[in-house]
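Text of final-v1.cif, listed as mmCIF, C-alpha atoms:
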data_upload
#
loop_
_atom_site.label_atom_id
_atom_site.label_comp_id
_atom_site.auth_asym_id
_atom_site.auth_seq_id
_atom_site.Cartn_x
_atom_site.Cartn_y
_atom_site.Cartn_z
CA MET F 1 0.00 0.00 0.00
CA GLY F 2 1.53 3.29 -1.09
CA TRP F 3 1.74 6.46 0.93
CA ARG F 4 -0.99 8.04 -1.20
CA THR F 5 -3.42 5.28 -0.29
CA VAL F 6 -2.53 5.45 3.41
CA ARG F 7 -2.92 9.23 3.31
CA ALA F 8 -6.31 8.92 1.59
CA ILE F 9 -7.54 6.42 4.19
CA LEU F 10 -6.31 8.61 7.05
CA ILE F 11 -7.97 11.75 5.67
CA TRP F 12 -11.33 10.05 5.14
CA ALA F 13 -11.14 8.32 8.52
CA ALA F 14 -10.39 11.62 10.26
CA LEU F 15 -13.36 13.27 8.51
CA ALA F 16 -15.65 10.36 9.39
CA LEU F 17 -14.58 10.56 13.04
CA ALA F 18 -14.85 14.37 13.23
CA ILE F 19 -18.47 14.19 12.08
CA GLY F 20 -19.47 10.71 13.24
CA VAL F 21 -18.27 10.85 16.86
CA PRO F 22 -20.26 13.98 17.84
CA ILE F 23 -23.38 12.53 16.18
CA ALA F 24 -22.93 9.18 17.92
CA LEU F 25 -22.36 10.80 21.33
CA ALA F 26 -25.39 13.07 20.85
CA ALA F 27 -27.41 9.97 19.94
CA ALA F 28 -26.36 8.48 23.29
CA SER F 29 -27.32 11.62 25.26
CA GLU F 30 -29.65 11.09 28.21
CA GLN F 31 -31.40 14.34 27.21
CA LEU F 32 -33.10 12.47 24.36
CA ALA F 33 -35.26 10.60 26.87
CA TRP F 34 -37.04 13.86 27.73
CA ARG F 35 -37.57 15.05 24.16
CA GLY F 36 -40.25 14.39 21.57
CA PRO F 37 -39.39 12.98 18.11
CA VAL F 38 -39.77 16.34 16.33
CA TYR F 39 -37.42 18.07 18.77
CA ILE F 40 -34.89 15.23 18.41
CA LEU F 41 -35.07 15.45 14.60
CA ALA F 42 -34.59 19.24 14.75
CA GLY F 43 -31.53 18.88 16.98
CA PHE F 44 -29.85 16.29 14.77
CA ALA F 45 -30.59 18.32 11.63
CA GLY F 46 -28.55 21.09 13.26
CA ILE F 47 -25.66 18.76 14.16
CA ILE F 48 -25.61 17.28 10.64
CA ALA F 49 -25.65 20.78 9.11
CA LEU F 50 -22.55 21.65 11.17
CA GLY F 51 -20.86 18.45 9.98
CA LEU F 52 -21.62 19.39 6.37
CA VAL F 53 -20.21 22.88 6.95
CA LEU F 54 -16.91 21.07 7.66
CA VAL F 55 -17.10 19.15 4.38
CA GLN F 56 -17.64 22.26 2.22
CA PRO F 57 -14.18 23.89 2.44
CA LEU F 58 -12.51 20.46 2.24
CA LEU F 59 -14.26 19.77 -1.09
CA ILE F 60 -13.57 23.15 -2.61
CA GLY F 61 -9.94 23.11 -1.44
CA GLY F 62 -9.41 19.69 -3.06
CA TYR F 63 -8.30 18.13 0.25
CA LEU F 64 -10.47 15.04 -0.05
CA PRO F 65 -8.72 12.25 -1.99
CA GLY F 66 -10.81 10.87 -4.82
CA PHE F 67 -12.51 14.17 -5.60
CA SER F 68 -11.17 15.96 -8.65
CA ALA F 69 -11.62 19.73 -8.83
CA TYR F 70 -14.73 19.20 -10.96
CA ARG F 71 -16.30 16.51 -8.77
CA GLY F 72 -15.40 18.43 -5.62
CA ARG F 73 -17.17 21.50 -6.96
CA ARG F 74 -20.26 19.48 -7.95
CA ALA F 75 -20.39 17.84 -4.50
CA HIS F 76 -19.93 21.30 -2.90
CA HIS F 77 -23.07 22.49 -4.72
CA TRP F 78 -25.18 19.52 -3.65
CA ILE F 79 -23.97 19.63 -0.06
CA GLY F 80 -24.72 23.36 0.01
CA GLY F 81 -28.32 22.49 -0.88
CA ALA F 82 -28.33 19.78 1.78
CA ILE F 83 -27.17 22.30 4.42
CA ALA F 84 -30.02 24.68 3.48
CA LEU F 85 -32.48 21.77 3.73
CA ALA F 86 -31.07 20.67 7.11
CA ILE F 87 -31.48 24.23 8.41
CA VAL F 88 -35.10 24.32 7.24
CA ILE F 89 -35.74 21.06 9.14
CA HIS F 90 -33.86 22.43 12.19
CA VAL F 91 -35.91 25.63 12.33
CA ALA F 92 -39.25 24.02 11.43
CA GLY F 93 -38.77 21.28 14.05
CA LEU F 94 -37.90 23.79 16.76
CA TRP F 95 -40.87 25.94 15.73
CA ILE F 96 -43.22 22.96 16.15
CA THR F 97 -41.59 22.10 19.51
CA SER F 98 -41.99 25.58 20.99
CA PRO F 99 -43.42 28.28 18.69
CA PRO F 100 -42.84 31.25 21.04
CA ASP F 101 -39.16 30.37 21.56
CA MET F 102 -38.57 30.05 17.80
CA ILE F 103 -40.37 33.32 17.05
CA ASP F 104 -38.20 35.06 19.69
CA ALA F 105 -35.10 33.65 17.99
CA LEU F 106 -36.12 34.65 14.47
CA THR F 107 -37.03 38.19 15.58
CA PHE F 108 -33.73 38.59 17.48
CA SER F 109 -35.59 39.00 20.78
CA SER F 110 -34.51 35.71 22.32
CA PRO F 111 -33.01 35.60 25.84
CA THR F 112 -30.56 32.90 24.71
CA PRO F 113 -27.23 34.41 23.58
CA PHE F 114 -26.64 31.76 20.89
CA SER F 115 -29.87 32.33 18.95
CA PRO F 116 -28.87 35.44 16.94
CA PHE F 117 -25.68 33.71 15.77
CA GLY F 118 -27.70 30.80 14.46
CA VAL F 119 -30.27 33.03 12.79
CA ILE F 120 -27.61 35.18 11.10
CA ALA F 121 -25.82 32.05 9.85
CA MET F 122 -29.18 30.73 8.61
CA TRP F 123 -29.82 33.82 6.49
CA ALA F 124 -26.26 33.72 5.13
CA ILE F 125 -26.81 30.05 4.15
CA PHE F 126 -30.11 30.87 2.44
CA ILE F 127 -28.59 33.81 0.53
CA VAL F 128 -25.64 31.71 -0.67
CA ALA F 129 -27.94 28.83 -1.69
CA LEU F 130 -30.27 31.19 -3.56
CA LEU F 131 -27.47 33.02 -5.35
CA ALA F 132 -25.74 29.74 -6.21
CA ALA F 133 -28.96 28.43 -7.74
CA LEU F 134 -29.40 31.63 -9.77
CA ARG F 135 -25.73 32.20 -10.47
CA ARG F 136 -25.87 31.33 -14.16
CA ARG F 137 -29.17 33.15 -14.72
CA LEU F 138 -27.80 36.26 -13.03
CA GLY F 139 -24.63 35.97 -15.08
CA LEU F 140 -22.36 36.26 -12.02
CA ARG F 141 -18.70 36.13 -13.02
CA PRO F 142 -16.36 33.95 -10.90
CA ARG F 143 -14.75 37.01 -9.31
CA THR F 144 -18.10 38.59 -8.44
CA TRP F 145 -19.33 35.27 -7.07
CA ARG F 146 -16.23 34.87 -4.90
CA PHE F 147 -16.61 38.45 -3.67
CA VAL F 148 -20.18 37.64 -2.53
CA HIS F 149 -19.62 34.08 -1.34
CA MET F 150 -16.48 34.54 0.78
CA PRO F 151 -17.85 37.06 3.32
CA LEU F 152 -21.06 35.00 3.59
CA ALA F 153 -18.98 31.84 4.07
CA ILE F 154 -17.16 33.54 6.96
CA VAL F 155 -20.50 34.55 8.49
CA ILE F 156 -21.80 30.98 8.12
CA VAL F 157 -18.71 29.39 9.68
CA ALA F 158 -18.32 31.88 12.55
CA GLY F 159 -22.07 32.07 13.24
CA SER F 160 -22.54 28.29 13.23
CA VAL F 161 -19.56 27.65 15.49
CA VAL F 162 -20.54 30.27 18.10
CA HIS F 163 -24.19 29.15 17.94
CA CYS F 164 -23.23 25.54 18.53
CA LEU F 165 -20.64 26.13 21.27
CA LEU F 166 -23.02 28.23 23.40
CA ILE F 167 -25.83 25.66 23.32
CA GLU F 168 -26.33 23.28 26.20
CA GLY F 169 -28.07 20.32 24.64
CA THR F 170 -27.49 16.78 23.47
CA MET F 171 -23.97 17.28 22.08
CA GLU F 172 -21.04 16.11 24.20
CA THR F 173 -18.72 19.03 25.00
CA ILE F 174 -15.33 17.77 23.78
CA SER F 175 -16.52 16.20 20.52
CA LYS F 176 -18.53 19.36 19.87
CA ALA F 177 -15.53 21.63 20.46
CA THR F 178 -13.36 19.39 18.26
CA LEU F 179 -15.86 19.51 15.40
CA CYS F 180 -16.12 23.31 15.74
CA ALA F 181 -12.31 23.65 15.73
CA ALA F 182 -12.14 21.46 12.60
CA VAL F 183 -14.80 23.61 10.89
CA LEU F 184 -12.83 26.78 11.66
CA ALA F 185 -9.49 25.25 10.65
CA ALA F 186 -10.82 23.92 7.33
CA ALA F 187 -12.40 27.27 6.44
CA VAL F 188 -9.26 29.26 7.34
CA LYS F 189 -6.99 26.81 5.47
CA VAL F 190 -8.96 26.87 2.24
CA MET F 191 -9.14 30.65 2.26
CA ILE F 192 -5.38 30.92 2.74
CA ASP F 193 -4.53 28.16 0.24
CA LEU F 194 -6.78 29.48 -2.51
CA GLN F 195 -5.82 33.08 -1.70
CA VAL F 196 -9.45 34.03 -2.09
CA TRP F 197 -8.79 37.75 -1.57
CA ARG F 198 -6.19 38.05 -4.33
CA LYS F 199 -6.95 39.08 -7.87
CA ARG F 200 -6.31 35.99 -9.87
CA ARG F 201 -7.26 34.50 -13.22
CA THR F 202 -5.97 30.98 -12.80
CA LEU F 203 -8.04 29.44 -10.00
CA ARG F 204 -9.27 26.54 -12.08
CA GLY F 205 -5.88 25.94 -13.68
CA GLU F 206 -4.23 25.80 -10.26
CA SER F 207 -6.78 23.46 -8.73
CA ILE F 208 -6.55 21.03 -11.61
CA ALA F 209 -2.76 21.17 -11.60
CA ARG F 210 -2.68 20.24 -7.93
CA GLN F 211 -4.75 17.08 -8.31
CA MET I 1 -14.97 57.15 -6.62
CA THR I 2 -14.77 55.19 -3.41
CA MET I 3 -13.11 51.82 -3.26
CA ILE I 4 -14.09 49.20 -0.76
CA VAL I 5 -10.89 47.61 0.42
CA LEU I 6 -11.66 44.07 1.40
CA ASN I 7 -8.94 41.90 2.82
CA ARG I 8 -8.71 39.07 5.29
CA ARG I 9 -7.51 41.23 8.15
CA ASN I 10 -10.22 43.89 8.21
CA LEU I 11 -12.94 41.33 7.53
CA LEU I 12 -11.86 39.19 10.47
CA ALA I 13 -11.61 42.28 12.66
CA ALA I 14 -15.08 43.41 11.65
CA GLY I 15 -16.47 39.91 12.20
CA GLY I 16 -14.81 39.74 15.60
CA SER I 17 -16.25 43.04 16.74
CA VAL I 18 -19.73 42.04 15.54
CA LEU I 19 -19.46 38.83 17.54
CA ALA I 20 -18.19 40.70 20.59
CA THR I 21 -20.96 43.31 20.59
CA GLY I 22 -23.54 40.58 20.03
CA MET I 23 -22.28 38.69 23.06
CA LEU I 24 -22.24 41.81 25.23
CA ALA I 25 -25.67 43.00 24.20
CA THR I 26 -27.40 39.67 24.69
CA GLY I 27 -25.22 38.19 27.42
CA VAL I 28 -25.52 40.69 30.24
CA PRO I 29 -28.85 42.52 30.03
CA GLY I 30 -29.02 42.77 33.84
CA LEU I 31 -25.92 44.96 33.95
CA LEU I 32 -27.45 47.51 31.61
CA LEU I 33 -30.41 48.39 33.88
CA PRO I 34 -30.16 51.90 35.26
CA ALA I 35 -29.78 52.29 39.02
CA ARG I 36 -32.72 53.92 40.76
CA ALA I 37 -32.49 56.37 43.61
CA ASP I 38 -36.07 55.96 44.91
CA GLY I 39 -35.75 52.70 46.85
CA LEU I 40 -36.10 49.17 45.54
CA ALA I 41 -36.74 49.08 41.79
CA PRO I 42 -39.50 46.81 40.43
CA THR I 43 -38.43 43.64 38.62
CA GLU I 44 -38.82 43.86 34.85
CA SER I 45 -40.21 40.89 32.94
CA MET I 46 -37.42 38.90 31.30
CA SER I 47 -37.36 38.39 27.55
CA GLY I 48 -39.00 35.08 26.67
CA GLY I 49 -40.36 34.83 30.23
CA ALA I 50 -43.97 34.38 29.14
CA ASN I 51 -43.23 31.65 26.59
CA ASN I 52 -45.59 28.66 26.88
CA TYR I 53 -47.48 30.36 29.74
CA ARG I 54 -50.87 28.80 30.58
CA LYS I 55 -53.00 31.23 32.50
CA GLY I 56 -54.42 30.11 35.83
CA ALA I 57 -52.32 27.10 36.85
CA ALA I 58 -53.76 25.48 39.99
CA ILE I 59 -52.15 25.89 43.40
CA VAL I 60 -50.48 22.56 44.17
CA ASP I 61 -48.39 21.03 46.97
CA ARG I 62 -45.95 19.74 44.39
CA ILE I 63 -45.71 19.60 40.58
CA GLY I 64 -45.59 15.97 39.44
CA LYS I 65 -43.24 13.69 41.38
CA GLY I 66 -40.91 16.48 42.51
CA GLY I 67 -37.18 16.22 43.15
CA PHE I 68 -36.28 19.80 42.23
CA TRP I 69 -36.90 23.00 44.21
CA MET I 70 -37.97 26.34 42.83
CA SER I 71 -37.85 29.10 45.42
CA GLY I 72 -37.71 32.85 45.76
CA THR I 73 -39.17 35.97 47.34
CA VAL I 74 -41.83 38.53 46.52
CA ARG I 75 -41.37 42.10 47.75
CA ARG I 76 -42.94 45.47 47.16
CA ALA I 77 -41.14 48.05 45.04
CA GLY I 78 -39.89 51.10 46.93
CA ASP I 79 -39.77 49.98 50.57
CA GLY I 80 -38.99 46.31 49.84
CA ALA I 81 -41.69 45.04 52.25
CA PRO I 82 -42.33 41.28 51.91
CA LEU I 83 -45.64 40.47 50.23
CA ALA I 84 -47.54 37.55 51.81
CA GLY I 85 -50.15 35.38 50.07
CA GLN I 86 -49.04 36.23 46.52
CA ARG I 87 -49.68 33.58 43.89
CA ILE I 88 -46.61 32.63 41.84
CA GLN I 89 -47.03 30.36 38.83
CA ILE I 90 -44.17 28.07 37.83
CA TRP I 91 -43.54 25.96 34.72
CA ALA I 92 -40.62 24.40 32.87
CA HIS I 93 -39.55 21.59 30.58
CA THR I 94 -38.87 18.81 33.07
CA VAL I 95 -38.24 15.09 33.08
CA GLU I 96 -42.03 14.70 33.30
CA GLY I 97 -43.13 16.87 30.40
CA GLN I 98 -42.61 19.72 27.96
CA GLU I 99 -43.05 23.37 28.85
CA HIS I 100 -46.46 23.79 27.23
CA GLU I 101 -48.02 20.67 28.75
CA PRO I 102 -50.50 21.18 31.64
CA GLN I 103 -48.71 18.76 33.98
CA SER I 104 -45.58 20.95 33.77
CA HIS I 105 -47.44 23.88 35.38
CA GLY I 106 -48.32 24.68 38.98
CA ALA I 107 -48.67 27.58 41.40
CA THR I 108 -47.89 28.35 45.04
CA LEU I 109 -48.44 31.17 47.54
CA THR I 110 -45.86 33.24 49.41
CA ASP I 111 -45.65 32.91 53.21
CA LYS I 112 -45.72 35.80 55.70
CA ASP I 113 -42.08 36.62 54.90
CA GLY I 114 -42.87 36.86 51.19
CA LYS I 115 -41.04 33.61 50.47
CA PHE I 116 -42.22 30.81 48.20
CA ARG I 117 -40.90 27.33 47.55
CA LEU I 118 -42.40 24.66 45.29
CA GLU I 119 -41.16 21.17 44.57
CA MET I 120 -41.30 20.15 40.92
CA PRO I 121 -39.67 17.59 38.59
CA GLN I 122 -36.02 18.08 37.56
CA ILE I 123 -35.63 20.86 34.98
CA ILE I 124 -33.67 19.84 31.89
CA PRO I 125 -32.12 21.95 29.11
CA ILE I 126 -34.62 23.07 26.50
CA PHE I 127 -33.83 25.36 23.59
CA GLY I 128 -30.19 25.26 24.60
CA GLN I 129 -30.49 26.40 28.23
CA PRO I 130 -31.75 24.72 31.41
CA HIS I 131 -34.26 27.31 32.60
CA GLY I 132 -37.52 27.74 34.45
CA HIS I 133 -40.44 30.13 34.08
CA LEU I 134 -42.27 32.04 36.82
CA ALA I 135 -45.16 34.46 36.63
CA TYR I 136 -46.87 36.89 38.92
CA ASP I 137 -50.15 37.54 37.11
CA SER I 138 -52.88 38.16 39.69
CA GLY I 139 -53.87 41.74 38.93
CA GLU I 140 -53.13 43.61 42.18
CA PHE I 141 -49.58 44.34 41.03
CA LYS I 142 -48.16 44.70 37.55
CA THR I 143 -47.65 41.33 35.82
CA VAL I 144 -44.07 40.03 35.80
CA PHE I 145 -42.69 37.02 33.89
CA LEU I 146 -39.27 35.65 34.88
CA ARG I 147 -37.03 33.14 33.10
CA PRO I 148 -34.09 32.24 35.38
CA VAL I 149 -31.32 30.05 33.92
CA MET I 150 -29.55 27.30 35.88
CA ARG I 151 -25.77 27.56 36.06
CA SER I 152 -25.60 23.85 35.29
CA ALA I 153 -28.16 21.29 34.16
CA LYS I 154 -27.06 19.16 37.15
CA GLU I 155 -28.39 21.64 39.74
CA THR I 156 -31.48 20.56 41.64
CA SER I 157 -32.78 24.00 42.64
CA LEU I 158 -33.34 27.42 41.17
CA GLU I 159 -34.26 30.82 42.60
CA ALA I 160 -36.16 33.80 41.27
CA HIS I 161 -37.07 37.02 43.04
CA PHE I 162 -39.94 39.40 42.38
CA VAL I 163 -40.19 43.08 43.27
CA LEU I 164 -43.70 44.15 42.31
CA GLN I 165 -45.18 47.57 41.64
CA PRO I 166 -48.90 48.45 41.87
CA ALA I 167 -50.76 47.80 38.62
#

Let's see the structure in the file written out as structure tokens.
Amino acid sequence: MGWRTVRAILIWAALALAIGVPIALAAASEQLAWRGPVYILAGFAGIIALGLVLVQPLLIGGYLPGFSAYRGRRAHHWIGGAIALAIVIHVAGLWITSPPDMIDALTFSSPTPFSPFGVIAMWAIFIVALLAALRRRLGLRPRTWRFVHMPLAIVIVAGSVVHCLLIEGTMETISKATLCAAVLAAAVKVMIDLQVWRKRRTLRGESIARQ
Amino acid sequence: MTMIVLNRRNLLAAGGSVLATGMLATGVPGLLLPARADGLAPTESMSGGANNYRKGAAIVDRIGKGGFWMSGTVRRAGDGAPLAGQRIQIWAHTVEGQEHEPQSHGATLTDKDGKFRLEMPQIIPIFGQPHGHLAYDSGEFKTVFLRPVMRSAKETSLEAHFVLQPA
């Protein structure tokens, strides 16, 4: 087995653990005993969305072995849609569980400090998903798209991480903090590696060359 | 023509300051209340305090099977005199039911020292915070809804204090 294969296995195993362990530990939480099915579904939709936020920069940075630049980009689009869907389930489930608490959160009048971070990240996710879906129709050039997407990506990553860390719920503390650290690290690394703030004409050429 | 200079450094700085102000504004509302010179200030309703309130919960010896203690005091604004016989309603998401369910609600009366204490099932975290709800809503004084948060979900008691002003 060559080094490339070992490296590929290690990378995928690390990703599976970073996302799988927090989900498994949340699934073992004693809190679940006191929750209804809709509330449980809403909570896990949120955890899965955070896990997918980790996958996004890894795909676009070409860090996941087996994904070419083209396939990575395609997967990034689909997973972006999946994140938006997970957030809809998260919010709808919490709304059904306790309408007044969800309305407080959405109107930024919630007593819980983590709510506004989640709501801001939610709107950033919806805007990115909408613009991505309409990107061709709107005729957005790659540079314009990057100029819009990068600040929103920062809002999504920072908002999601703060939202998640401040919540006391089913997630186990250490696995939650580890997942959040991985999300931050992946986002920072891809932005540095791809030099997203530089003027550049050769993004595609570079990504393909690196594969 | 103005140019918007966007780089990693000023974006991160801006993001950081937005996060910081958000934390300050939402994290410590109690510290932002103005001090009052004319005696004891009335308690303001807390944001979200009235969520899942069911008017007219019955006075009970204990909510459900108990195991957790909710206690506090009720005093009059201005002179701080204890208010006896005041009805305080209590509800929370507990091990025996969700916040909105009738069995999660109950009420008790203050004693001659203005103190109240009601046993209820263990409160558990709901919507990201282990918290209880209390209401004074009997008409004689202005209605107040409180939403105290437990320092840890493992605690088995919680306190909340009312200072009421005439309606």

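Every residue that the PyMOL selection byres ((chain F) within 7 of (chain I)) selects in this file is listed here: Trp34, Pro100, Asp101, Ser110, Pro111, Pro113, Ile167, Glu168, Gly169 and Trp197 of chain F.
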
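Here CA of Val157 in chain F is placed at a distance of 19.9 Å from CA of Val21 in chain F.
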
Take CA of Ala84 in chain F and CA of Glu172 in chain F and report the distance between them in Å, one decimal.
->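 Straight-line distance from CA of Ala84 in chain F to CA of Glu172 in chain F works out to 24.2 Å.
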
If you count all atoms listed in the file, which residues fall within 10 Å of Val53 in chain F, apart from same-chain ones fewer than 6 positions away, as a list in words?
->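 The residues that qualify are Ile47, His76, Ile79, Gly80, Ile83, Ala153, Ile156, Val157, Ser160, Val161, Cys180, Ala182, Val183, Leu184, Ala186 and Ala187 of chain F.
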
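Among the candidate residues F:Ala24, F:Asp104, F:Ala185, F:Ile125, the one lying nearest to Gly81 in chain F is F:Ile125, with distances computed using all atoms listed in the file.
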
Could you list the residues chosen by the PyMOL selection byres ((chain I and resi 134) around 10) in this structure as number ranges by chain?
-> I: 45, 49-50, 53, 70, 88-92, 105-107, 132-133, 135-137, 144-148, 159-162

Write out as a PyMOL selection string which residues come within 8 Å of Gly78 in chain I when counting only C-alpha atoms, dropping same-chain ones fewer than 5 positions away.
-> chain I and resi 38-42

Write a file of the selected residues as a PDB file, keeping the file's coordinate frame, keeping C-alpha atoms.
ATOM      1  CA  ASP I  38     -36.070  55.960  44.910  1.00  0.00           C
ATOM      2  CA  GLY I  39     -35.750  52.700  46.850  1.00  0.00           C
ATOM      3  CA  LEU I  40     -36.100  49.170  45.540  1.00  0.00           C
ATOM      4  CA  ALA I  41     -36.740  49.080  41.790  1.00  0.00           C
ATOM      5  CA  PRO I  42     -39.500  46.810  40.430  1.00  0.00           C
TER       6      PRO I  42
END

Given only C-alpha atoms as the counted atoms, nearest of I:Ala84, I:Leu164, I:Ile123, I:Ile63 to Met150 in chain I =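 Closest to Met150 in chain I of all the choices is I:Ile123.
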
Find the axis-aligned box for range 78-95 of chain F, covering all its listed atoms and adding 4 Å on each side, and write its centre and edge lengths in Å to one decimal as AutoDock Vina command-line options.
--center_x -32.4 --center_y 22.7 --center_z 6.6 --size_x 24.9 --size_y 14.4 --size_z 28.4

Of the candidates I:Lys142, I:Lys112, I:Arg117, I:Arg87, which one gets nearest to Phe68 in chain I if we count all atoms listed in the file?
->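 Going through I:Lys142, I:Lys112, I:Arg117, I:Arg87 one by one, the smallest distance to Phe68 in chain I is for I:Arg117.
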
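Separating CA of Ser109 in chain F from CA of Leu166 in chain F is a distance of 16.8 Å.
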
Within 10 Å of Val148 in chain F, counting only C-alpha atoms, which residues show up once you throw out same-chain ones fewer than 4 positions away? Write them as an MDAnalysis selection string, please.
-> chainID F and resid 127:128 131 140 142:144 152:153

Extract, using all atoms listed in the file, all DNA, RNA and protein residues at most 7 Å from Gly67 in chain I, discarding same-chain residues fewer than 2 positions from it, and format them as number ranges by chain.
-> I: 65, 69, 119-122

Output as a PDB file, keeping the file's coordinate frame: range 40-56 of chain F, completed with N, CA and C atoms.
ATOM      1  N   ILE F  40     -36.104  16.019  18.645  1.00  0.00           N
ATOM      2  CA  ILE F  40     -34.890  15.230  18.410  1.00  0.00           C
ATOM      3  C   ILE F  40     -34.430  15.389  16.960  1.00  0.00           C
ATOM      4  N   LEU F  41     -35.386  15.298  16.023  1.00  0.00           N
ATOM      5  CA  LEU F  41     -35.070  15.450  14.600  1.00  0.00           C
ATOM      6  C   LEU F  41     -34.465  16.841  14.343  1.00  0.00           C
ATOM      7  N   ALA F  42     -35.068  17.859  14.942  1.00  0.00           N
ATOM      8  CA  ALA F  42     -34.590  19.240  14.750  1.00  0.00           C
ATOM      9  C   ALA F  42     -33.155  19.380  15.245  1.00  0.00           C
ATOM     10  N   GLY F  43     -32.875  18.797  16.408  1.00  0.00           N
ATOM     11  CA  GLY F  43     -31.530  18.880  16.980  1.00  0.00           C
ATOM     12  C   GLY F  43     -30.498  18.208  16.083  1.00  0.00           C
ATOM     13  N   PHE F  44     -30.816  17.005  15.615  1.00  0.00           N
ATOM     14  CA  PHE F  44     -29.850  16.290  14.770  1.00  0.00           C
ATOM     15  C   PHE F  44     -29.682  16.947  13.409  1.00  0.00           C
ATOM     16  N   ALA F  45     -30.732  17.576  12.901  1.00  0.00           N
ATOM     17  CA  ALA F  45     -30.590  18.320  11.630  1.00  0.00           C
ATOM     18  C   ALA F  45     -29.543  19.411  11.808  1.00  0.00           C
ATOM     19  N   GLY F  46     -29.539  20.050  12.973  1.00  0.00           N
ATOM     20  CA  GLY F  46     -28.550  21.090  13.260  1.00  0.00           C
ATOM     21  C   GLY F  46     -27.141  20.518  13.334  1.00  0.00           C
ATOM     22  N   ILE F  47     -26.995  19.379  14.014  1.00  0.00           N
ATOM     23  CA  ILE F  47     -25.660  18.760  14.160  1.00  0.00           C
ATOM     24  C   ILE F  47     -25.141  18.338  12.784  1.00  0.00           C
ATOM     25  N   ILE F  48     -26.024  17.741  11.972  1.00  0.00           N
ATOM     26  CA  ILE F  48     -25.610  17.280  10.640  1.00  0.00           C
ATOM     27  C   ILE F  48     -25.224  18.492   9.771  1.00  0.00           C
ATOM     28  N   ALA F  49     -25.989  19.579   9.881  1.00  0.00           N
ATOM     29  CA  ALA F  49     -25.650  20.780   9.110  1.00  0.00           C
ATOM     30  C   ALA F  49     -24.238  21.252   9.457  1.00  0.00           C
ATOM     31  N   LEU F  50     -23.895  21.220  10.758  1.00  0.00           N
ATOM     32  CA  LEU F  50     -22.550  21.650  11.170  1.00  0.00           C
ATOM     33  C   LEU F  50     -21.493  20.715  10.580  1.00  0.00           C
ATOM     34  N   GLY F  51     -21.782  19.420  10.577  1.00  0.00           N
ATOM     35  CA  GLY F  51     -20.860  18.450   9.980  1.00  0.00           C
ATOM     36  C   GLY F  51     -20.646  18.740   8.495  1.00  0.00           C
ATOM     37  N   LEU F  52     -21.723  19.106   7.802  1.00  0.00           N
ATOM     38  CA  LEU F  52     -21.620  19.390   6.370  1.00  0.00           C
ATOM     39  C   LEU F  52     -20.868  20.702   6.125  1.00  0.00           C
ATOM     40  N   VAL F  53     -20.971  21.631   7.084  1.00  0.00           N
ATOM     41  CA  VAL F  53     -20.210  22.880   6.950  1.00  0.00           C
ATOM     42  C   VAL F  53     -18.697  22.588   6.994  1.00  0.00           C
ATOM     43  N   LEU F  54     -18.322  21.487   7.668  1.00  0.00           N
ATOM     44  CA  LEU F  54     -16.910  21.070   7.660  1.00  0.00           C
ATOM     45  C   LEU F  54     -16.504  20.521   6.293  1.00  0.00           C
ATOM     46  N   VAL F  55     -17.422  19.787   5.659  1.00  0.00           N
ATOM     47  CA  VAL F  55     -17.100  19.150   4.380  1.00  0.00           C
ATOM     48  C   VAL F  55     -16.890  20.193   3.272  1.00  0.00           C
ATOM     49  N   GLN F  56     -17.648  21.280   3.313  1.00  0.00           N
ATOM     50  CA  GLN F  56     -17.640  22.260   2.220  1.00  0.00           C
ATOM     51  C   GLN F  56     -16.256  22.812   1.858  1.00  0.00           C
TER      52      GLN F  56
END
